[in-house]
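Inspection log for the structure reproduced underneath, given as structure tokens.
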Amino acid sequence: MTFQPNHCTRAVPPSTYHIARTSFQGDVIASPIETQSGGARTCMLIASCDAYSDLWPALSMSMNRHWPDCPFPRFLLTNHKKAPAGFSTLAVGRDISWSANLMRALNQLEEDYVLLSVDDLLLRKTVRTDAVLEAVRWASVTGVTALQMVSFEHIWSSAWSVRRPPAIWLPPGATYRASTVFTLWNRNGLLRILNPAENAWEFEYRGTERLSANSGSFLTTRSHFSYLNSVIKGKLTRSAVKLFNDNGYPLPTSRRVMTAREQCWFLCLRFRACALRTVPFSYRTALKRAIQRAASSVKRIATRSS
């Protein structure tokens, strides 16, 4: 089957690549291609705001430690403040919303592709630049809209381990097809699905639905970035405090640390996310909604009884 790029992707000569359909859970798996750049310009963009500037020193230090040879221009989205060493400042002015800020930043860039991440994700292991470049070349030649470069699909990894394709297609029904976590986005494609009223979590949830059924949304079959989510709902995780101390990163003393109870609840949510990954991609959104409806019903009953 020849892949037809949608309106968010640029046309690529059909002889350059092909997409092979396999029996794996009904998903389309991309076949290996020759390594070539396709001529696309790429940069890295960390979405942030001045309210999170206390995390920037650790962000800069972790990037310089674990990815010193990053080959892309690195931009940090700010409101008015200057970015730390290692980043170019992309100031957008008054803080409106996460998505509105990102839209203004993207309109200032000229690159074809943007490796998008957020300010509270700190690298923990050395990044293999050659492997990242290979994935970027593949995405450029294939003309994808989004390529998520962190994979937690350990349950299904054996299904593609024999052929080891570079990426698998995320079908409608897969959760978080629109991701902010180390995801390579076609810049124009990302602009088309952003809603200026949404925060980052709303974008991942609702933006997933706005991605068309035939959009080129893919997930790499290996994780190219190992990171720690250092802040949850404005508070430092207890794991982040240890990471800061172990690596000599400046600890944001003005930011509260999660209590043991809050950390336990966060781990429960992580466990739920891991359990959801045992379900084939196409059924995840429906199952997640069913769980949410059931939880809401239980909460209403509990509220009435009390």
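Residues in the structure tokens are numbered from 1 in each chain, the chains being A, B, ... in the order shown, and ligands are numbered from 1 in the order shown.
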
For this session: Determine which residues of segment 104-279 of chain A receive a DSSP assignment of strand (DSSP E or B), computed from the backbone, and state them as a PyMOL selection string.
Result: chain A and resi 113-118+121-123+146-148+167-169+183-186+217-220+227-229+231-232+235-236+257

Exercise. DSSP on the backbone: what in segment 22-267 of chain A comes out helix (DSSP H, G or I), as a VMD selection string?
Worked result: chain A and resid 24 to 26 50 to 66 98 to 108 129 to 142 157 to 160 187 to 193 200 to 210 238 to 247 260 to 267

Exercise. Which one is closest to Asn186 of chain A: A:Ile168, A:Cys49, A:Cys70, A:Ala139? Count only C-alpha atoms.
Worked result: A:Ala139

Problem set entry | Spatial neighbours of Asp50 of chain A, max dist 12 Å, only C-alpha atoms, sep filter under 3 positions, as a list in words |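 Contacts, in chain order: Ala47, Ser53, Asp54, Leu55, Trp56, Leu76, Leu77, Thr78, Asn79, His80, Lys81, Lys82, Ala83, Pro84, Thr89, Leu90, Ala91, Val92, Gly93, Arg94, Asp95, Ile96, Trp98, Asn101 and Asp119 of chain A.
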
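Among the candidates A:Val114, A:Leu59, A:Thr221, A:Met44, the residue lying nearest to Ser151 of chain A is A:Thr221 (atoms considered: only C-alpha atoms).
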
Problem set entry | Best match for closeness to Thr259 of chain A among A:Lys235, A:Arg222, A:Arg192, A:Arg210, counting only C-alpha atoms | A:Lys235

For this session: Take atom CA of Cys43 of chain A and atom CA of Tyr113 of chain A and report the distance between them in Å, one decimal.
Result: 6.6 Å

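If you measure from each of A:Ile46, A:Ala58, A:Leu194, A:Ala260 to Asn245 of chain A using only C-alpha atoms, the closest one turns out to be A:Ala58.
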
For this session: Write out as a ChimeraX atom specification the residues lying within 7 Å of segment 197-199 of chain A, counting only C-alpha atoms and excluding same-chain residues fewer than 6 positions away.
Result: /A:97-100

Restricted to N, CA and C atoms, what would the selected residues look like written as a PDB file, in the first residue's frame?
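Below is the file that was written, selection.pdb:
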```
ATOM      1  N   SER A  97      -2.204  31.222  26.890  1.00  0.00           N
ATOM      2  CA  SER A  97      -2.481  29.809  27.177  1.00  0.00           C
ATOM      3  C   SER A  97      -1.333  29.015  26.587  1.00  0.00           C
ATOM      4  N   TRP A  98      -1.217  27.751  26.984  1.00  0.00           N
ATOM      5  CA  TRP A  98      -0.121  26.930  26.480  1.00  0.00           C
ATOM      6  C   TRP A  98      -0.169  26.845  24.952  1.00  0.00           C
ATOM      7  N   SER A  99      -1.336  26.574  24.413  1.00  0.00           N
ATOM      8  CA  SER A  99      -1.456  26.408  22.962  1.00  0.00           C
ATOM      9  C   SER A  99      -1.297  27.726  22.216  1.00  0.00           C
ATOM     10  N   ALA A 100      -1.854  28.805  22.762  1.00  0.00           N
ATOM     11  CA  ALA A 100      -1.716  30.113  22.107  1.00  0.00           C
ATOM     12  C   ALA A 100      -0.256  30.540  22.075  1.00  0.00           C
TER      13      ALA A 100
END
```

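Distance-wise, atom CA of Met258 of chain A and atom CA of Lys242 of chain A end up 12.6 Å apart.
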
Exercise. For the atom pair atom CA of Ser239 of chain A and atom CA of Arg206 of chain A, what is the interatomic distance in Å to one decimal place?
Worked result: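 The value is 29.2 Å.
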
For this session: Give me the residues within 8 Å of Ala40 of chain A as a ChimeraX atom specification, counting only C-alpha atoms and dropping any in the same chain fewer than 6 places off.
Result: /A:111-113,140

Problem set entry | Leu147 of chain A surroundings by only C-alpha atoms, 6 Å radius, close-in-sequence under 3 positions cut, as a list in words |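 In the requested format, the answer is Thr183, Leu184, Phe218 and Leu219 of chain A.
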
Problem set entry | Of the listed residues A:Asn64, A:Gly207, A:Cys268, A:Thr220, that which approaches Asn195 of chain A most closely, counting only C-alpha atoms |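 Looking only at the distances to Asn195 of chain A, the closest residue turns out to be A:Gly207.
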
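Of the listed residues (A:Leu228, A:Val150, A:Ser212, A:Ser297), A:Leu228 comes nearest to Phe244 of chain A; the distances count only C-alpha atoms.
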